[in-house]
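Source file: my_file.csv. Holds: CSV, C-alpha atoms and all ligand atoms.
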chain,number,residue,atom,x,y,z
A,1088,MET,CA,-98.4,84.1,-6.8
A,1089,LYS,CA,-94.9,85.4,-6.4
A,1090,VAL,CA,-95.1,89.1,-6.9
A,1091,THR,CA,-92.0,89.3,-9.1
A,1092,LYS,CA,-94.1,87.6,-11.8
A,1093,LEU,CA,-96.3,90.8,-11.9
A,1094,TRP,CA,-93.3,92.8,-13.0
A,1095,SER,CA,-92.3,90.8,-16.0
A,1096,THR,CA,-92.0,92.8,-19.2
A,1097,GLY,CA,-95.1,94.1,-20.9
A,1098,ARG,CA,-97.4,93.9,-17.9
A,1099,LYS,CA,-99.4,96.8,-16.5
A,1100,PRO,CA,-97.9,98.6,-13.5
A,1101,THR,CA,-99.1,97.0,-10.3
A,1102,VAL,CA,-101.2,98.7,-7.6
A,1103,SER,CA,-100.6,97.7,-4.0
A,1104,PHE,CA,-101.4,98.9,-0.5
A,1105,GLU,CA,-99.6,98.6,2.8
A,1106,LEU,CA,-101.6,98.0,5.9
A,1107,PHE,CA,-100.7,97.5,9.6
A,1108,PRO,CA,-102.4,95.4,12.2
A,1109,PRO,CA,-105.0,97.3,14.3
A,1110,ARG,CA,-104.1,98.3,17.8
A,1111,SER,CA,-107.6,98.3,19.3
A,1112,PRO,CA,-111.1,96.8,18.6
A,1113,LYS,CA,-112.2,100.2,17.3
A,1114,GLY,CA,-109.2,100.2,15.0
A,1115,ALA,CA,-110.1,96.7,13.8
A,1116,ASP,CA,-113.6,97.9,12.8
A,1117,LYS,CA,-112.2,100.8,10.9
A,1118,LEU,CA,-109.6,98.6,9.2
A,1119,GLU,CA,-112.4,96.3,8.0
A,1120,ASN,CA,-113.9,99.2,6.1
A,1121,THR,CA,-110.5,100.2,4.8
A,1122,ILE,CA,-109.8,96.7,3.5
A,1123,ASP,CA,-113.2,96.5,1.8
A,1124,ALA,CA,-112.7,99.8,0.1
A,1125,LEU,CA,-109.2,99.0,-1.1
A,1126,ALA,CA,-110.2,95.4,-2.1
A,1127,GLY,CA,-112.8,97.0,-4.4
A,1128,LEU,CA,-109.9,98.4,-6.4
A,1129,LYS,CA,-108.7,94.9,-7.1
A,1130,PRO,CA,-105.1,95.5,-6.1
A,1131,ASP,CA,-102.3,93.3,-7.3
A,1132,PHE,CA,-101.3,92.7,-3.7
A,1133,VAL,CA,-101.5,94.1,-0.2
A,1134,SER,CA,-98.8,94.1,2.4
A,1135,VAL,CA,-98.9,93.7,6.1
A,1136,THR,CA,-96.3,95.3,8.4
A,1137,PHE,CA,-94.6,93.4,11.3
A,1138,GLY,CA,-93.3,95.0,14.5
A,1139,ALA,CA,-89.6,94.5,15.3
A,1140,GLY,CA,-88.9,92.2,18.2
A,1141,GLY,CA,-92.1,90.4,17.4
A,1142,SER,CA,-94.2,93.2,18.9
A,1143,THR,CA,-97.1,92.7,16.4
A,1144,ARG,CA,-96.5,89.0,15.7
A,1145,GLU,CA,-100.1,87.8,16.5
A,1146,GLY,CA,-101.8,90.9,15.0
A,1147,SER,CA,-99.8,90.7,11.8
A,1148,ARG,CA,-100.5,87.0,11.5
A,1149,GLN,CA,-104.2,87.5,11.9
A,1150,LEU,CA,-104.3,90.3,9.4
A,1151,VAL,CA,-102.2,88.3,6.9
A,1152,GLU,CA,-104.6,85.4,7.3
A,1153,LYS,CA,-107.7,87.6,7.0
A,1154,LEU,CA,-106.5,89.2,3.8
A,1155,GLN,CA,-105.3,86.0,2.2
A,1156,ASN,CA,-108.1,83.6,3.2
A,1157,GLU,CA,-111.2,85.7,3.8
A,1158,LYS,CA,-110.6,88.6,1.4
A,1159,LYS,CA,-108.8,86.5,-1.2
A,1160,LEU,CA,-106.1,89.0,-1.8
A,1161,GLU,CA,-102.4,88.3,-2.7
A,1162,VAL,CA,-100.4,89.2,0.4
A,1163,VAL,CA,-96.8,90.3,1.0
A,1164,ALA,CA,-96.1,89.6,4.6
A,1165,TYR,CA,-93.4,91.9,6.0
A,1166,PHE,CA,-91.0,90.5,8.4
A,1167,ALA,CA,-89.0,92.8,10.7
A,1168,GLY,CA,-86.6,90.3,12.2
A,1169,TYR,CA,-84.5,92.5,14.5
A,1170,GLY,CA,-84.5,91.2,18.1
A,1171,LEU,CA,-85.6,87.6,17.3
A,1172,GLY,CA,-83.4,84.6,17.4
A,1173,PRO,CA,-83.2,81.9,14.7
A,1174,GLU,CA,-85.9,79.8,16.3
A,1175,ASP,CA,-88.4,82.6,16.5
A,1176,ILE,CA,-87.7,83.7,13.0
A,1177,SER,CA,-88.3,80.1,11.8
A,1178,ALA,CA,-91.5,79.9,13.8
A,1179,VAL,CA,-93.0,83.1,12.3
A,1180,LEU,CA,-92.0,82.1,8.8
A,1181,ASP,CA,-93.1,78.4,9.1
A,1182,ASP,CA,-96.5,79.8,10.1
A,1183,TYR,CA,-96.7,82.1,7.1
A,1184,GLN,CA,-95.6,79.2,4.9
A,1185,GLU,CA,-98.4,77.1,6.3
A,1186,LEU,CA,-100.9,79.8,5.6
A,1187,GLY,CA,-99.8,79.7,2.0
A,1188,ILE,CA,-98.0,83.0,1.9
A,1189,GLU,CA,-95.6,83.2,-1.0
A,1190,ASN,CA,-94.1,86.7,-0.5
A,1191,VAL,CA,-92.1,88.1,2.4
A,1192,LEU,CA,-90.5,91.5,2.5
A,1193,VAL,CA,-87.6,91.3,4.9
A,1194,VAL,CA,-86.6,94.4,6.9
A,1195,ARG,CA,-84.5,94.9,10.0
A,1196,GLY,CA,-87.2,96.9,11.8
A,1197,ASP,CA,-86.9,99.6,14.4
A,1198,ILE,CA,-87.5,99.2,18.1
A,1199,THR,CA,-90.2,101.7,19.1
A,1200,ARG,CA,-90.3,104.0,22.2
A,1201,GLU,CA,-92.8,101.7,23.9
A,1202,GLN,CA,-90.2,98.9,23.7
A,1203,GLU,CA,-87.6,100.7,25.8
A,1204,ASP,CA,-86.9,97.6,27.9
A,1205,PHE,CA,-86.7,95.3,25.0
A,1206,LYS,CA,-83.7,92.9,25.1
A,1207,PRO,CA,-82.8,91.4,21.7
A,1208,HIS,CA,-82.1,87.7,21.5
A,1209,ARG,CA,-78.4,87.1,21.7
A,1210,GLN,CA,-78.4,85.7,18.2
A,1211,SER,CA,-80.5,88.5,16.8
A,1212,PHE,CA,-79.4,89.6,13.3
A,1213,GLY,CA,-78.1,93.1,13.0
A,1214,HIS,CA,-79.1,93.9,9.4
A,1215,ALA,CA,-81.7,93.0,6.9
A,1216,SER,CA,-79.0,91.5,4.6
A,1217,ASP,CA,-78.1,89.0,7.4
A,1218,LEU,CA,-81.8,88.1,7.8
A,1219,VAL,CA,-82.2,87.6,4.0
A,1220,ALA,CA,-79.1,85.4,4.0
A,1221,PHE,CA,-80.6,83.3,6.8
A,1222,ILE,CA,-84.0,83.0,5.2
A,1223,ARG,CA,-83.1,82.4,1.5
A,1224,PRO,CA,-81.7,78.9,1.8
A,1225,ARG,CA,-84.5,77.8,4.2
A,1226,TYR,CA,-87.7,79.0,2.4
A,1227,ASP,CA,-89.1,79.3,-1.1
A,1228,PHE,CA,-90.7,82.7,-0.5
A,1229,CYS,CA,-90.3,85.5,-3.0
A,1230,LEU,CA,-88.2,87.9,-0.9
A,1231,GLY,CA,-88.2,91.6,-1.1
A,1232,ALA,CA,-86.2,94.3,0.7
A,1233,ALA,CA,-86.6,98.0,1.6
A,1234,GLY,CA,-84.7,100.7,-0.3
A,1235,TYR,CA,-84.3,104.4,0.6
A,1236,PRO,CA,-84.2,106.9,-2.3
A,1237,GLU,CA,-82.7,109.6,0.0
A,1238,GLY,CA,-80.5,107.1,1.9
A,1239,HIS,CA,-81.4,105.4,5.2
A,1240,ILE,CA,-81.5,107.8,8.1
A,1241,GLU,CA,-78.7,106.0,10.0
A,1242,SER,CA,-76.4,105.4,7.0
A,1243,GLU,CA,-73.0,107.1,6.8
A,1244,SER,CA,-73.5,107.9,3.1
A,1245,LYS,CA,-75.9,107.2,0.3
A,1246,ASP,CA,-73.2,105.2,-1.5
A,1247,LYS,CA,-72.6,103.0,1.6
A,1248,ASP,CA,-76.4,102.5,2.0
A,1249,LEU,CA,-76.6,101.4,-1.6
A,1250,GLU,CA,-73.7,98.9,-1.1
A,1251,TYR,CA,-75.7,97.3,1.7
A,1252,LEU,CA,-78.8,97.3,-0.5
A,1253,LYS,CA,-76.8,95.4,-3.1
A,1254,LEU,CA,-75.8,92.9,-0.4
A,1255,LYS,CA,-79.5,92.3,0.3
A,1256,VAL,CA,-80.1,91.5,-3.4
A,1257,GLU,CA,-77.0,89.3,-3.6
A,1258,ASN,CA,-78.2,87.4,-0.5
A,1259,GLY,CA,-81.5,86.7,-2.1
A,1260,ALA,CA,-83.9,89.7,-2.3
A,1261,GLU,CA,-85.7,89.7,-5.6
A,1262,TYR,CA,-87.2,93.2,-5.6
A,1263,ILE,CA,-86.9,96.4,-3.8
A,1264,MET,CA,-89.8,98.4,-2.3
A,1265,SER,CA,-88.9,102.0,-1.8
A,1266,ASN,CA,-89.5,104.3,1.1
A,1267,TYR,CA,-91.7,107.2,0.1
A,1268,PHE,CA,-90.4,110.6,-1.1
A,1269,TYR,CA,-92.0,114.0,-2.0
A,1270,ASP,CA,-89.7,114.7,-5.0
A,1271,ASN,CA,-89.7,112.1,-7.7
A,1272,LYS,CA,-86.1,113.1,-8.6
A,1273,TYR,CA,-85.0,111.3,-5.4
A,1274,PHE,CA,-86.5,108.1,-6.8
A,1275,PHE,CA,-85.3,108.4,-10.4
A,1276,ASP,CA,-81.8,109.2,-9.1
A,1277,PHE,CA,-82.0,106.2,-6.7
A,1278,VAL,CA,-82.9,103.8,-9.5
A,1279,GLU,CA,-80.1,105.1,-11.7
A,1280,ARG,CA,-77.6,104.6,-8.9
A,1281,CYS,CA,-79.0,101.1,-8.3
A,1282,ARG,CA,-78.5,100.2,-11.9
A,1283,ALA,CA,-75.0,101.7,-12.0
A,1284,ILE,CA,-73.8,99.4,-9.3
A,1285,GLY,CA,-75.4,96.3,-10.7
A,1286,ILE,CA,-78.7,96.1,-8.8
A,1287,ASP,CA,-81.0,94.9,-11.5
A,1288,VAL,CA,-84.1,93.8,-9.7
A,1289,PRO,CA,-87.5,95.7,-9.9
A,1290,VAL,CA,-87.6,98.8,-7.8
A,1291,VAL,CA,-91.1,99.8,-6.9
A,1292,PRO,CA,-91.8,103.4,-5.7
A,1293,GLY,CA,-93.7,103.9,-2.4
A,1294,VAL,CA,-96.2,106.7,-2.4
A,1295,MET,CA,-97.4,108.3,0.8
A,1296,PRO,CA,-100.3,110.7,0.4
A,1297,ILE,CA,-100.4,113.5,3.0
A,1298,TYR,CA,-103.0,112.6,5.7
A,1299,SER,CA,-102.2,115.2,8.4
A,1300,VAL,CA,-99.5,117.7,9.2
A,1301,LYS,CA,-98.7,116.0,12.4
A,1302,MET,CA,-98.2,112.6,10.7
A,1303,LEU,CA,-96.3,114.2,7.9
A,1304,GLU,CA,-93.8,115.8,10.2
A,1305,MET,CA,-93.5,112.8,12.5
A,1306,LEU,CA,-93.0,110.2,9.8
A,1307,ALA,CA,-90.6,112.4,7.8
A,1308,GLY,CA,-88.4,112.6,10.8
A,1309,MET,CA,-88.5,108.9,11.4
A,1310,CYS,CA,-88.2,107.7,7.8
A,1311,GLY,CA,-85.8,110.3,6.5
A,1312,ALA,CA,-88.1,111.6,3.7
A,1313,THR,CA,-87.6,115.3,3.0
A,1314,ILE,CA,-90.6,117.5,3.2
A,1315,THR,CA,-90.0,119.6,0.0
A,1316,ASP,CA,-90.6,123.3,-0.4
A,1317,ASP,CA,-93.5,122.4,-2.8
A,1318,VAL,CA,-95.2,120.5,0.0
A,1319,ARG,CA,-94.5,123.2,2.6
A,1320,GLN,CA,-95.8,126.0,0.3
A,1321,GLY,CA,-98.8,124.0,-0.7
A,1322,ILE,CA,-99.8,123.4,2.9
A,1323,ALA,CA,-99.1,127.0,3.8
A,1324,SER,CA,-101.5,128.2,1.1
A,1325,LEU,CA,-104.5,126.2,2.6
A,1326,PRO,CA,-107.0,127.6,5.1
A,1327,GLU,CA,-105.5,127.0,8.6
A,1328,GLY,CA,-106.8,123.9,10.3
A,1329,ASP,CA,-108.9,122.8,7.3
A,1330,LYS,CA,-108.2,119.0,7.5
A,1331,GLU,CA,-110.3,118.2,4.4
A,1332,ALA,CA,-108.4,120.8,2.3
A,1333,LEU,CA,-105.1,119.2,3.5
A,1334,VAL,CA,-106.2,115.7,2.5
A,1335,ASP,CA,-107.4,117.0,-0.9
A,1336,PHE,CA,-104.0,118.8,-1.4
A,1337,GLY,CA,-102.3,115.5,-0.4
A,1338,VAL,CA,-104.4,113.6,-3.1
A,1339,GLU,CA,-103.5,116.2,-5.8
A,1340,PHE,CA,-99.8,116.1,-4.8
A,1341,ALA,CA,-99.6,112.3,-4.9
A,1342,LEU,CA,-101.6,112.2,-8.1
A,1343,SER,CA,-99.0,114.4,-9.9
A,1344,GLN,CA,-96.2,112.3,-8.4
A,1345,CYS,CA,-97.9,109.1,-9.6
A,1346,ARG,CA,-98.5,110.5,-13.1
A,1347,GLU,CA,-94.9,111.3,-13.6
A,1348,LEU,CA,-93.7,108.0,-12.1
A,1349,LEU,CA,-96.0,106.1,-14.5
A,1350,LYS,CA,-94.8,108.1,-17.4
A,1351,GLU,CA,-91.2,107.1,-16.6
A,1352,GLY,CA,-92.3,103.4,-16.6
A,1353,VAL,CA,-92.2,102.4,-13.0
A,1354,PRO,CA,-93.2,98.7,-12.4
A,1355,GLY,CA,-95.9,99.7,-10.0
A,1356,LEU,CA,-97.2,102.1,-7.3
A,1357,HIS,CA,-97.2,101.0,-3.7
A,1358,PHE,CA,-99.4,103.1,-1.4
A,1359,TYR,CA,-98.6,103.6,2.3
A,1360,THR,CA,-102.2,103.8,3.5
A,1361,MET,CA,-101.8,104.2,7.2
A,1362,ASP,CA,-104.9,102.0,7.3
A,1363,LEU,CA,-106.9,104.8,5.6
A,1364,SER,CA,-108.6,104.2,2.2
A,1365,LYS,CA,-110.1,107.5,1.0
A,1366,SER,CA,-107.0,109.1,-0.6
A,1367,ALA,CA,-105.7,105.9,-2.1
A,1368,VAL,CA,-109.1,105.1,-3.6
A,1369,GLU,CA,-109.4,108.5,-5.2
A,1370,ILE,CA,-105.9,108.5,-6.5
A,1371,VAL,CA,-106.2,105.0,-8.1
A,1372,ASN,CA,-109.6,105.7,-9.5
A,1373,ARG,CA,-108.5,108.9,-11.1
A,1374,LEU,CA,-105.4,107.4,-12.6
A,1375,ARG,CA,-107.5,104.6,-14.0
A,1376,ARG,CA,-110.1,107.0,-15.3
A,1377,ASP,CA,-107.4,108.9,-17.2
A,1378,GLU,CA,-106.1,105.5,-18.4
A,1379,VAL,CA,-102.6,106.1,-17.2
A,1380,LEU,CA,-102.8,103.1,-14.9
A,1401,LIG,C1,-91.0,99.2,2.2
A,1401,LIG,C2,-90.7,99.3,3.7
A,1401,LIG,C3,-91.4,98.4,4.6
A,1401,LIG,C4,-91.1,98.5,6.0
A,1401,LIG,N1,-91.8,97.6,6.8
A,1401,LIG,C5,-91.5,97.7,8.2
A,1401,LIG,C6,-92.1,96.8,9.1
A,1401,LIG,O1,-93.0,96.0,8.7
A,1401,LIG,N2,-91.8,96.8,10.4
A,1401,LIG,C7,-90.8,97.7,10.8
A,1401,LIG,O2,-90.5,97.6,12.0
A,1401,LIG,N3,-90.2,98.5,10.0
A,1401,LIG,C8,-90.5,98.5,8.7
A,1401,LIG,N4,-89.8,99.4,7.8
A,1401,LIG,C9,-88.9,100.3,8.4
A,1401,LIG,C10,-87.5,99.7,8.5
A,1401,LIG,O3,-87.5,98.6,9.4
A,1401,LIG,C11,-86.5,100.8,9.0
A,1401,LIG,O4,-86.3,101.7,8.0
A,1401,LIG,C12,-85.2,100.2,9.5
A,1401,LIG,O5,-84.5,101.3,10.2
A,1401,LIG,C13,-84.2,99.7,8.5
A,1401,LIG,O6,-84.6,98.6,8.0
A,1401,LIG,P1,-83.8,97.9,6.7
A,1401,LIG,O7,-84.4,96.6,6.5
A,1401,LIG,O8,-83.7,98.8,5.6
A,1401,LIG,O9,-82.4,97.7,7.5
A,1401,LIG,P2,-80.9,97.4,7.0
A,1401,LIG,O10,-80.9,97.0,5.5
A,1401,LIG,O11,-80.3,96.5,8.0
A,1401,LIG,O12,-80.3,98.9,7.1
A,1401,LIG,C14,-80.3,99.6,8.3
A,1401,LIG,C15,-79.1,100.5,8.4
A,1401,LIG,O13,-77.9,99.7,8.5
A,1401,LIG,C16,-77.0,99.9,7.4
A,1401,LIG,N5,-76.5,98.6,7.0
A,1401,LIG,C17,-77.2,97.6,6.3
A,1401,LIG,N6,-76.5,96.5,6.2
A,1401,LIG,C18,-75.4,96.7,6.9
A,1401,LIG,C19,-74.2,95.9,7.1
A,1401,LIG,N7,-74.1,94.7,6.7
A,1401,LIG,N8,-73.2,96.5,7.9
A,1401,LIG,C20,-73.3,97.8,8.3
A,1401,LIG,N9,-74.4,98.6,8.1
A,1401,LIG,C21,-75.4,98.0,7.4
A,1401,LIG,C22,-77.8,100.6,6.3
A,1401,LIG,O14,-77.1,101.5,5.5
A,1401,LIG,C23,-78.9,101.4,7.1
A,1401,LIG,O15,-78.4,102.6,7.5
A,1401,LIG,C24,-90.1,99.4,6.5
A,1401,LIG,C25,-89.5,100.2,5.6
A,1401,LIG,C26,-89.7,100.2,4.2
A,1401,LIG,C27,-89.1,101.1,3.3
What is this file in structure tokens?
Amino acid sequence: MKVTKLWSTGRKPTVSFELFPPRSPKGADKLENTIDALAGLKPDFVSVTFGAGGSTREGSRQLVEKLQNEKKLEVVAYFAGYGLGPEDISAVLDDYQELGIENVLVVRGDITREQEDFKPHRQSFGHASDLVAFIRPRYDFCLGAAGYPEGHIESESKDKDLEYLKLKVENGAEYIMSNYFYDNKYFFDFVERCRAIGIDVPVVPGVMPIYSVKMLEMLAGMCGATITDDVRQGIASLPEGDKEALVDFGVEFALSQCRELLKEGVPGLHFYTMDLSKSAVEIVNRLRRDEVL
């Protein structure tokens, strides 16, 4: 099913989870448990990341196939096309099409530190909007794009970033999945600014529970999500080094974010799981128990 159908008026907010392909056999075993725990929540869809330059091509494909065929979940396959030429792009997407995938979220992608020597294909596309423009006339996928409530980390201004987001939509993206944020005001303001410049597709908020301080700091630097004073003070008040207390704090913090987002009528909640299930399961169960989701 095309996920945009899930956001038609009058439907319940969706619940979805992002997963990435495992990097080791041990990771694969752990991921299996994560998938089963998350599948137990009957999510509307799950998504699978893709490494720029095709770095996780095989692993992403295997995970997409497992989730779709073995676990019978609706899948949004991410596609980070930077570095690939038109033929490789078509090969990946033909493969997804053959697997029966109906939803693809198109991002540019970032080359990682391990890919220092990576040489992009000479016809590689520079921006997600170009990738969407290439893919739209060739495939019938429901296409999504990434949006940044605080502006993308490289963008010269939030307004310019929004203009490029509009271009992704004009070129064929049918919904926007947002980067995560620790102050809902960033998201509400983002949606308002989207609507003001004529972006009228669904905008789904991304929620990232806090899993560890190291991960929090590292990802915030990479993704451009501000670690707010609330988060810093909350963490500072916990017993030092108490990992469980940190995860519990992360759950409570994300829960209060989700409650407010739902109250404001967001189309769904998309959880960045980092291939962990405990926090997401607790958050979704509590929101459902309280009948706000
Ligand atoms: C929901 C979500 C899922 C993601 N999944 C993945 C994944 O699976 N794999 C992965 O590697 N990364 C993923 N990312 C990270 C993403 O690849 C990075 O944030 C990347 O730096 C930008 O990707 P983009 O698609 O937003 O790029 P773009 O839309 O191309 O934007 C990148 C920068 O270029 C600017 N820009 C855009 N278009 C133009 C233009 N035409 N001319 C000039 N400047 C322009 C933008 O303002 C921005 O600063 C994801 C991010 C999100 C929010």
- Message: Quick one: residues within 12 Å of Pro1292 (chain A), only C-alpha atoms, excluding same-chain residues fewer than 6 positions away - as a PyMOL selection string?
- Response: chain A and resi 1100-1104+1233-1236+1262-1275+1277-1278+1341+1344-1345+1347-1349+1351-1359
- Query: Pick the closest to Ser1343 (chain A) from A:Leu1106, A:Met1305, A:Leu1128, A:Val1371: which is it, counting all atoms listed in the file?
  - Reply: A:Val1371
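The closest residue to Tyr1226 (chain A), picked from A:Glu1261, A:Arg1195, A:Thr1143, A:Asn1190 and counting only C-alpha atoms, is A:Asn1190.
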- Task: Between atom N6 of ligand LIG 1401 (chain A) and CA of Asp1227 (chain A), measure the distance and give it in Å to one decimal.
- Result: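 That distance, rounded to one decimal, is 22.5 Å.
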- Query: Within 8 Å of ligand LIG 1401 (chain A), counting all atoms listed in the file, which protein or nucleic acid residues do you find, written as a PyMOL selection string?
  - Reply: chain A and resi 1107+1135-1139+1165-1167+1192-1198+1213-1217+1232-1235+1238-1245+1247-1252+1254-1255+1263-1267+1293+1310
Please produce a file of the residues just selected, as a PDB file, in the coordinates of the input, where the atoms kept are C-alpha atoms.
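Written out: selection03.pdb:
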ATOM      1  CA  PHE A1107    -100.700  97.500   9.600  1.00  0.00           C
ATOM      2  CA  VAL A1135     -98.900  93.700   6.100  1.00  0.00           C
ATOM      3  CA  THR A1136     -96.300  95.300   8.400  1.00  0.00           C
ATOM      4  CA  PHE A1137     -94.600  93.400  11.300  1.00  0.00           C
ATOM      5  CA  GLY A1138     -93.300  95.000  14.500  1.00  0.00           C
ATOM      6  CA  ALA A1139     -89.600  94.500  15.300  1.00  0.00           C
ATOM      7  CA  TYR A1165     -93.400  91.900   6.000  1.00  0.00           C
ATOM      8  CA  PHE A1166     -91.000  90.500   8.400  1.00  0.00           C
ATOM      9  CA  ALA A1167     -89.000  92.800  10.700  1.00  0.00           C
ATOM     10  CA  LEU A1192     -90.500  91.500   2.500  1.00  0.00           C
ATOM     11  CA  VAL A1193     -87.600  91.300   4.900  1.00  0.00           C
ATOM     12  CA  VAL A1194     -86.600  94.400   6.900  1.00  0.00           C
ATOM     13  CA  ARG A1195     -84.500  94.900  10.000  1.00  0.00           C
ATOM     14  CA  GLY A1196     -87.200  96.900  11.800  1.00  0.00           C
ATOM     15  CA  ASP A1197     -86.900  99.600  14.400  1.00  0.00           C
ATOM     16  CA  ILE A1198     -87.500  99.200  18.100  1.00  0.00           C
ATOM     17  CA  GLY A1213     -78.100  93.100  13.000  1.00  0.00           C
ATOM     18  CA  HIS A1214     -79.100  93.900   9.400  1.00  0.00           C
ATOM     19  CA  ALA A1215     -81.700  93.000   6.900  1.00  0.00           C
ATOM     20  CA  SER A1216     -79.000  91.500   4.600  1.00  0.00           C
ATOM     21  CA  ASP A1217     -78.100  89.000   7.400  1.00  0.00           C
ATOM     22  CA  ALA A1232     -86.200  94.300   0.700  1.00  0.00           C
ATOM     23  CA  ALA A1233     -86.600  98.000   1.600  1.00  0.00           C
ATOM     24  CA  GLY A1234     -84.700 100.700  -0.300  1.00  0.00           C
ATOM     25  CA  TYR A1235     -84.300 104.400   0.600  1.00  0.00           C
ATOM     26  CA  GLY A1238     -80.500 107.100   1.900  1.00  0.00           C
ATOM     27  CA  HIS A1239     -81.400 105.400   5.200  1.00  0.00           C
ATOM     28  CA  ILE A1240     -81.500 107.800   8.100  1.00  0.00           C
ATOM     29  CA  GLU A1241     -78.700 106.000  10.000  1.00  0.00           C
ATOM     30  CA  SER A1242     -76.400 105.400   7.000  1.00  0.00           C
ATOM     31  CA  GLU A1243     -73.000 107.100   6.800  1.00  0.00           C
ATOM     32  CA  SER A1244     -73.500 107.900   3.100  1.00  0.00           C
ATOM     33  CA  LYS A1245     -75.900 107.200   0.300  1.00  0.00           C
ATOM     34  CA  LYS A1247     -72.600 103.000   1.600  1.00  0.00           C
ATOM     35  CA  ASP A1248     -76.400 102.500   2.000  1.00  0.00           C
ATOM     36  CA  LEU A1249     -76.600 101.400  -1.600  1.00  0.00           C
ATOM     37  CA  GLU A1250     -73.700  98.900  -1.100  1.00  0.00           C
ATOM     38  CA  TYR A1251     -75.700  97.300   1.700  1.00  0.00           C
ATOM     39  CA  LEU A1252     -78.800  97.300  -0.500  1.00  0.00           C
ATOM     40  CA  LEU A1254     -75.800  92.900  -0.400  1.00  0.00           C
ATOM     41  CA  LYS A1255     -79.500  92.300   0.300  1.00  0.00           C
ATOM     42  CA  ILE A1263     -86.900  96.400  -3.800  1.00  0.00           C
ATOM     43  CA  MET A1264     -89.800  98.400  -2.300  1.00  0.00           C
ATOM     44  CA  SER A1265     -88.900 102.000  -1.800  1.00  0.00           C
ATOM     45  CA  ASN A1266     -89.500 104.300   1.100  1.00  0.00           C
ATOM     46  CA  TYR A1267     -91.700 107.200   0.100  1.00  0.00           C
ATOM     47  CA  GLY A1293     -93.700 103.900  -2.400  1.00  0.00           C
ATOM     48  CA  CYS A1310     -88.200 107.700   7.800  1.00  0.00           C
TER      49      CYS A1310
END
- Message: Using all atoms listed in the file, can you tell me which of A:Trp1094, A:Gly1141, A:Gly1231, A:Leu1342 comes closest to Arg1373 (chain A)?
- Response: A:Leu1342
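Coordinates place CA of His1208 (chain A) at a distance of 15.4 Å from CA of Phe1221 (chain A).
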- Note on the structure: Pairwise distance, CA of Lys1301 (chain A) with CA of Gly1328 (chain A), equals 11.5 Å
Centre and edge lengths, as lines of an AutoDock Vina configuration file, for the axis-aligned box enclosing every listed atom of region 1344-1347 of chain A with 5 Å of padding on each of the six sides, in Å to one decimal?
center_x = -96.7
center_y = 110.7
center_z = -11.0
size_x = 13.6
size_y = 13.2
size_z = 15.2
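Between Val1338 (chain A) and the candidates A:Ser1111, A:Thr1315, A:Asn1372, A:Ser1324, the tightest atom-to-atom separation, counting all atoms listed in the file, involves A:Asn1372.
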- Task: Give the answer as one residue: which of A:Gly1187, A:Gly1259, A:Gly1285, A:Pro1130 has the shortest atom-to-atom distance to Ala1220 (chain A), using all atoms listed in the file?
- Result: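 Among the listed residues, A:Gly1259 lies closest to Ala1220 (chain A).
Distances from A:Glu1304, A:Asp1182, A:Ile1297, A:Ala1367 to Val1334 (chain A) were compared using only C-alpha atoms, and the smallest one belongs to A:Ile1297.
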Show me, as a compact mmCIF listing (two decimals) with C-alpha atoms, keeping the file's coordinate frame, the residues that have an atom within 12 Å of Glu1152 (chain A) when counting all atoms listed in the file, minus same-chain residues fewer than 3 positions from it.
# COMPACT_ATOMS: atom_id res chain seq x y z
CA PRO A 1108 -102.40 95.40 12.20
CA VAL A 1133 -101.50 94.10 -0.20
CA SER A 1134 -98.80 94.10 2.40
CA VAL A 1135 -98.90 93.70 6.10
CA GLU A 1145 -100.10 87.80 16.50
CA GLY A 1146 -101.80 90.90 15.00
CA SER A 1147 -99.80 90.70 11.80
CA ARG A 1148 -100.50 87.00 11.50
CA GLN A 1149 -104.20 87.50 11.90
CA GLN A 1155 -105.30 86.00 2.20
CA ASN A 1156 -108.10 83.60 3.20
CA GLU A 1157 -111.20 85.70 3.80
CA LYS A 1158 -110.60 88.60 1.40
CA LYS A 1159 -108.80 86.50 -1.20
CA LEU A 1160 -106.10 89.00 -1.80
CA GLU A 1161 -102.40 88.30 -2.70
CA VAL A 1162 -100.40 89.20 0.40
CA VAL A 1163 -96.80 90.30 1.00
CA ALA A 1164 -96.10 89.60 4.60
CA ASP A 1182 -96.50 79.80 10.10
CA TYR A 1183 -96.70 82.10 7.10
CA GLN A 1184 -95.60 79.20 4.90
CA GLU A 1185 -98.40 77.10 6.30
CA LEU A 1186 -100.90 79.80 5.60
CA GLY A 1187 -99.80 79.70 2.00
CA ILE A 1188 -98.00 83.00 1.90
- Quick one: everything within 10 Å of Asp1335 (chain A), counting all atoms listed in the file, minus sequence neighbours fewer than 4 positions away in the same chain. Send it as a PyMOL selection string. chain A and resi 1296-1298+1330-1331+1339-1341+1366+1369
